[in-house]
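K.L.:
Take this structure first; my questions come after.
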Amino acid sequence: MPIGIHDLSFATGHYVLEHAELARAYGVDIDKFHLGIGQEAMSVLAADEDIVTMAAAAAQPIVDRHGTGDIRTVLLATETAVDQAKSAGVYVHSLLGLPAATRVVELKQACYGATAALQFAAALVAREPSQRVLVIATDVARYDLESPGESTQGAAAVAMLVAADPAILRVESPSGLFTADIMDFWRPNYRSTALVDGRTSITAYLQAVEGAWKDYGEQGGRAIDEFSAFCYHQPFTKMAHKAHRHLAEFASLADTPNELHTAVLPTTLYNRVIGNSYTASLYLGLAALLDHRTDLDGRPLAMFSYGSGSVAEFFGATVVPGHREHLRTAGNRSAVNRRTPIDFAGYRALHEQTLPTDGRDHELPVEGSGPFRLLGLSGHKRIYQARAHRS
Ligand code: CAA
């Protein structure tokens, strides 16, 4: 019985900061961003948005289309957790009006968490094919101002309904796995911005490509020339091209440089203007690929998930014939295009904004335009509301 992605929807922040603004402010040649790292713009959250509001906004269209009845599990992956104990998924469960008879849990392993969630979801569905699992990847990539990582920031949430006999993508077995204990990127509990050793992180990523591919082969996976496209985790879009060139050389794929570029290019079209979204990034890559290529019915894709620290997984997936009828291409494009431009000063002010930690009442300005908002905090509790129901 095939199991995989039955529906996929994403949401991103209210604002967009063009890299041209960053280049002007810091006196950097714009080609470093456009060509060097392959980024043109980044999503920036409004003051009343966070991983919960984005996650609920991403999942709402799925619930609207399929109802809540068959969803018995919500797996929310993030590395931007808002609480050390309570799963952000419980807030999302409430905002979406899901039934009480649901299990909800949060998963973490840097940017890899959503792939773990997808695989765990597939296993749950294999055990009980009538149930569906809502998998949500939601993150805000945040680095220190004026650090090398700043230009790779971004934010997004991707929601996926995992089901038997899926309409969009069949997830295949086996997977190739790789774990190495390495400090390439991390965020201690007391920090709101990530720490990163940039060059080490790129090397670690490429080693993980090799390790996961090697295991994939040993587990009996497909030959490399069977794949019609390659989706990689995209901390910045140039990384996907670097990864694919590296894999092609390691796995002796005889494609020309142009063919290598073309196999990855469509997967980068959303990430290029949204920025890094950590757990969501690989699945934004998948959404972009499916929205921009029309020849994928029945064809196998390669998926590579990387989470610093590090854990990686390489797996194959087959695009379901007729899948295009189930895509949300117009909604996806609108999520990207309707963002409000923000200038450098506005972006910096939002970056420096912090929420109180002393438990006092704190109301947030009405700023974002998504269907849900963070109203504020009171007694150390976050308060969310559907925007339409706001009194
Ligand atoms: N025109 C064209 N290209 C230019 C240029 C110009 N004017 N100026 C620079 N470049 C090129 C450089 O040659 C370089 O290309 P190569 O990597 O192909 O050599 C590229 O632009 C970047 O230049 P630098 O290395 O000088 O840039 P930097 O010091 O600002 O750092 C970075 C780049 C290390 C990626 C930094 O942005 C960073 O630390 N990012 C966060 C960490 C990260 O994303 N790591 C990726 C792997 S880890 C992961 O995947 C998990 C995750 O999500 C974080």
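Identifiers for the structure tokens are assigned positionally: chains receive A, B, ... in sequence, residues are indexed from 1 per chain, and ligands are indexed from 1 in the order shown.
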Which residues are near ligand 1 - at most 6 Å, using only C-alpha atoms and all ligand atoms? Format: as a VMD selection string.

P.N.:
chain A and resid 29 31 to 32 35 to 37 111 148 to 149 152 196 198 to 199 201 to 202 205 235 278 307 to 308

K.L.:
Once you have the residues from the selection above, write them out as a PDB file, in the first residue's frame, restricted to N, CA, C and O atoms.

P.N.:
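Listing of selection33.pdb after writing:
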```
ATOM      1  N   ASP A  29      28.604  43.882  -2.165  1.00  0.00           N
ATOM      2  CA  ASP A  29      28.251  43.708  -3.580  1.00  0.00           C
ATOM      3  C   ASP A  29      27.027  42.774  -3.654  1.00  0.00           C
ATOM      4  O   ASP A  29      27.064  41.654  -3.128  1.00  0.00           O
ATOM      5  N   ASP A  31      25.946  40.925  -5.851  1.00  0.00           N
ATOM      6  CA  ASP A  31      26.212  39.612  -6.470  1.00  0.00           C
ATOM      7  C   ASP A  31      26.613  38.563  -5.442  1.00  0.00           C
ATOM      8  O   ASP A  31      26.445  37.368  -5.667  1.00  0.00           O
ATOM      9  N   LYS A  32      27.171  39.015  -4.314  1.00  0.00           N
ATOM     10  CA  LYS A  32      27.503  38.033  -3.268  1.00  0.00           C
ATOM     11  C   LYS A  32      26.227  37.317  -2.823  1.00  0.00           C
ATOM     12  O   LYS A  32      26.237  36.106  -2.597  1.00  0.00           O
ATOM     13  N   LEU A  35      24.327  35.779  -6.493  1.00  0.00           N
ATOM     14  CA  LEU A  35      25.070  34.686  -7.136  1.00  0.00           C
ATOM     15  C   LEU A  35      25.816  33.824  -6.114  1.00  0.00           C
ATOM     16  O   LEU A  35      25.809  32.597  -6.197  1.00  0.00           O
ATOM     17  N   GLY A  36      26.460  34.467  -5.133  1.00  0.00           N
ATOM     18  CA  GLY A  36      27.328  33.736  -4.186  1.00  0.00           C
ATOM     19  C   GLY A  36      26.548  32.777  -3.301  1.00  0.00           C
ATOM     20  O   GLY A  36      26.958  31.621  -3.126  1.00  0.00           O
ATOM     21  N   ILE A  37      25.440  33.262  -2.719  1.00  0.00           N
ATOM     22  CA  ILE A  37      24.645  32.336  -1.881  1.00  0.00           C
ATOM     23  C   ILE A  37      23.295  31.997  -2.523  1.00  0.00           C
ATOM     24  O   ILE A  37      22.578  31.139  -2.022  1.00  0.00           O
ATOM     25  N   CYS A 111      17.349  21.122  11.286  1.00  0.00           N
ATOM     26  CA  CYS A 111      16.494  21.191  10.089  1.00  0.00           C
ATOM     27  C   CYS A 111      15.979  19.825   9.650  1.00  0.00           C
ATOM     28  O   CYS A 111      15.149  19.728   8.745  1.00  0.00           O
ATOM     29  N   PRO A 148      27.771  36.476   9.465  1.00  0.00           N
ATOM     30  CA  PRO A 148      27.673  35.921   8.106  1.00  0.00           C
ATOM     31  C   PRO A 148      26.335  35.228   7.833  1.00  0.00           C
ATOM     32  O   PRO A 148      25.864  35.194   6.701  1.00  0.00           O
ATOM     33  N   GLY A 149      25.708  34.697   8.865  1.00  0.00           N
ATOM     34  CA  GLY A 149      24.435  33.986   8.662  1.00  0.00           C
ATOM     35  C   GLY A 149      23.266  34.909   8.385  1.00  0.00           C
ATOM     36  O   GLY A 149      22.227  34.463   7.886  1.00  0.00           O
ATOM     37  N   THR A 152      21.179  34.757   5.307  1.00  0.00           N
ATOM     38  CA  THR A 152      20.493  33.489   5.003  1.00  0.00           C
ATOM     39  C   THR A 152      19.239  33.302   5.860  1.00  0.00           C
ATOM     40  O   THR A 152      18.654  32.220   5.872  1.00  0.00           O
ATOM     41  N   VAL A 196      26.883  29.484  14.574  1.00  0.00           N
ATOM     42  CA  VAL A 196      27.232  28.649  13.426  1.00  0.00           C
ATOM     43  C   VAL A 196      28.697  28.822  13.075  1.00  0.00           C
ATOM     44  O   VAL A 196      29.249  29.910  13.203  1.00  0.00           O
ATOM     45  N   GLY A 198      30.313  28.611   9.857  1.00  0.00           N
ATOM     46  CA  GLY A 198      29.815  28.555   8.480  1.00  0.00           C
ATOM     47  C   GLY A 198      30.522  27.543   7.590  1.00  0.00           C
ATOM     48  O   GLY A 198      29.883  26.676   6.996  1.00  0.00           O
ATOM     49  N   ARG A 199      31.831  27.639   7.505  1.00  0.00           N
ATOM     50  CA  ARG A 199      32.570  26.739   6.603  1.00  0.00           C
ATOM     51  C   ARG A 199      32.463  25.291   7.080  1.00  0.00           C
ATOM     52  O   ARG A 199      32.285  24.364   6.283  1.00  0.00           O
ATOM     53  N   SER A 201      30.021  24.041   8.646  1.00  0.00           N
ATOM     54  CA  SER A 201      28.658  23.554   8.393  1.00  0.00           C
ATOM     55  C   SER A 201      28.511  23.095   6.941  1.00  0.00           C
ATOM     56  O   SER A 201      27.813  22.113   6.666  1.00  0.00           O
ATOM     57  N   ILE A 202      29.182  23.795   6.036  1.00  0.00           N
ATOM     58  CA  ILE A 202      29.083  23.387   4.623  1.00  0.00           C
ATOM     59  C   ILE A 202      29.787  22.043   4.420  1.00  0.00           C
ATOM     60  O   ILE A 202      29.271  21.130   3.763  1.00  0.00           O
ATOM     61  N   TYR A 205      27.669  19.287   5.931  1.00  0.00           N
ATOM     62  CA  TYR A 205      26.528  18.999   5.054  1.00  0.00           C
ATOM     63  C   TYR A 205      26.975  18.060   3.920  1.00  0.00           C
ATOM     64  O   TYR A 205      26.320  17.051   3.626  1.00  0.00           O
ATOM     65  N   PRO A 235      19.704  25.738   3.129  1.00  0.00           N
ATOM     66  CA  PRO A 235      19.994  26.836   4.065  1.00  0.00           C
ATOM     67  C   PRO A 235      20.184  28.145   3.298  1.00  0.00           C
ATOM     68  O   PRO A 235      19.941  29.222   3.824  1.00  0.00           O
ATOM     69  N   TYR A 278      14.694  26.348   7.866  1.00  0.00           N
ATOM     70  CA  TYR A 278      15.123  25.189   8.647  1.00  0.00           C
ATOM     71  C   TYR A 278      14.313  23.925   8.310  1.00  0.00           C
ATOM     72  O   TYR A 278      14.473  23.384   7.229  1.00  0.00           O
ATOM     73  N   GLY A 307      20.120  18.046   8.973  1.00  0.00           N
ATOM     74  CA  GLY A 307      19.950  18.849  10.190  1.00  0.00           C
ATOM     75  C   GLY A 307      21.272  18.920  10.915  1.00  0.00           C
ATOM     76  O   GLY A 307      21.850  17.884  11.288  1.00  0.00           O
ATOM     77  N   SER A 308      21.777  20.136  11.100  1.00  0.00           N
ATOM     78  CA  SER A 308      23.090  20.311  11.723  1.00  0.00           C
ATOM     79  C   SER A 308      23.162  19.558  13.038  1.00  0.00           C
ATOM     80  O   SER A 308      22.170  19.350  13.722  1.00  0.00           O
TER      81      SER A 308
END
```

K.L.:
Residues near A:Asp139, anyone? I mean within 9 Å using only C-alpha atoms, not counting same-chain ones fewer than 3 positions away, as a PyMOL selection string.

P.N.:
chain A and resi 50-51+54-55+77-81+111+154-157+276-280

K.L.:
Could you tell me which of A:Tyr15, A:Phe10, A:Ala212, A:Gln109 comes closest to A:Ile136 if we count only C-alpha atoms?

P.N.:
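Closest to A:Ile136 of all the choices is A:Phe10.
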
K.L.:
From the DSSP assignment of the backbone, select every residue of stretch 80-279 of chain A that is strand (DSSP E or B), and format the answer as an mmCIF file with C-alpha atoms, in the first residue's frame.

P.N.:
```cif
data_model
loop_
_atom_site.group_PDB
_atom_site.id
_atom_site.type_symbol
_atom_site.label_atom_id
_atom_site.label_comp_id
_atom_site.auth_asym_id
_atom_site.auth_seq_id
_atom_site.Cartn_x
_atom_site.Cartn_y
_atom_site.Cartn_z
ATOM 1 C CA ARG A 103 -1.946 12.762 19.818
ATOM 2 C CA VAL A 104 0.271 15.834 19.440
ATOM 3 C CA VAL A 105 4.026 16.008 19.844
ATOM 4 C CA GLU A 106 6.974 18.234 18.868
ATOM 5 C CA LEU A 107 10.156 16.890 17.285
ATOM 6 C CA GLN A 109 16.846 17.713 15.369
ATOM 7 C CA CYS A 111 16.494 21.191 10.089
ATOM 8 C CA ARG A 132 -4.063 10.473 8.602
ATOM 9 C CA VAL A 133 -1.193 12.351 10.204
ATOM 10 C CA LEU A 134 -0.740 16.116 10.019
ATOM 11 C CA VAL A 135 2.985 16.855 9.777
ATOM 12 C CA ILE A 136 4.004 20.494 10.209
ATOM 13 C CA ALA A 137 7.477 21.970 9.793
ATOM 14 C CA THR A 138 7.707 25.536 11.092
ATOM 15 C CA ASP A 139 10.749 27.711 11.749
ATOM 16 C CA VAL A 140 12.231 31.181 11.873
ATOM 17 C CA ALA A 141 15.911 31.269 10.897
ATOM 18 C CA GLY A 154 13.993 33.513 6.557
ATOM 19 C CA ALA A 155 10.780 31.977 7.888
ATOM 20 C CA ALA A 156 8.092 29.548 6.738
ATOM 21 C CA ALA A 157 5.870 26.661 7.721
ATOM 22 C CA VAL A 158 4.926 23.690 5.554
ATOM 23 C CA ALA A 159 1.985 21.459 6.474
ATOM 24 C CA MET A 160 1.605 17.994 4.950
ATOM 25 C CA LEU A 161 -1.195 15.483 5.277
ATOM 26 C CA VAL A 162 0.344 12.003 5.330
ATOM 27 C CA ALA A 163 -2.031 9.264 4.242
ATOM 28 C CA ALA A 164 -2.413 5.889 2.573
ATOM 29 C CA LEU A 169 3.824 11.859 -3.497
ATOM 30 C CA ARG A 170 4.554 8.234 -2.537
ATOM 31 C CA VAL A 171 7.399 8.052 -0.038
ATOM 32 C CA GLU A 172 9.653 5.111 -0.791
ATOM 33 C CA SER A 173 11.670 2.748 1.319
ATOM 34 C CA PRO A 174 14.619 2.362 1.919
ATOM 35 C CA SER A 175 16.155 5.483 3.364
ATOM 36 C CA GLY A 176 19.860 6.195 3.619
ATOM 37 C CA LEU A 177 20.782 7.464 7.098
ATOM 38 C CA PHE A 178 23.746 9.351 8.552
ATOM 39 C CA THR A 179 24.508 10.800 11.995
ATOM 40 C CA PHE A 185 25.316 24.974 13.973
ATOM 41 C CA TRP A 186 23.518 25.036 17.310
ATOM 42 C CA LEU A 195 25.525 30.008 16.491
ATOM 43 C CA VAL A 196 27.232 28.649 13.426
ATOM 44 C CA ALA A 229 14.890 15.770 -9.922
ATOM 45 C CA PHE A 230 16.761 16.286 -6.672
ATOM 46 C CA CYS A 231 15.390 18.171 -3.642
ATOM 47 C CA TYR A 232 17.971 19.194 -1.051
#
```

K.L.:
Suppose you want the space between atom CA of A:Ala122 and atom CA of A:Ile3; what is it in Å?

P.N.:
6.2 Å

K.L.:
Give me every helix (DSSP H, G or I) residue in stretch 50-140 of chain A, going by DSSP on the backbone, as an MDAnalysis selection string.

P.N.:
chainID A and resid 51:66 88:96 113:127
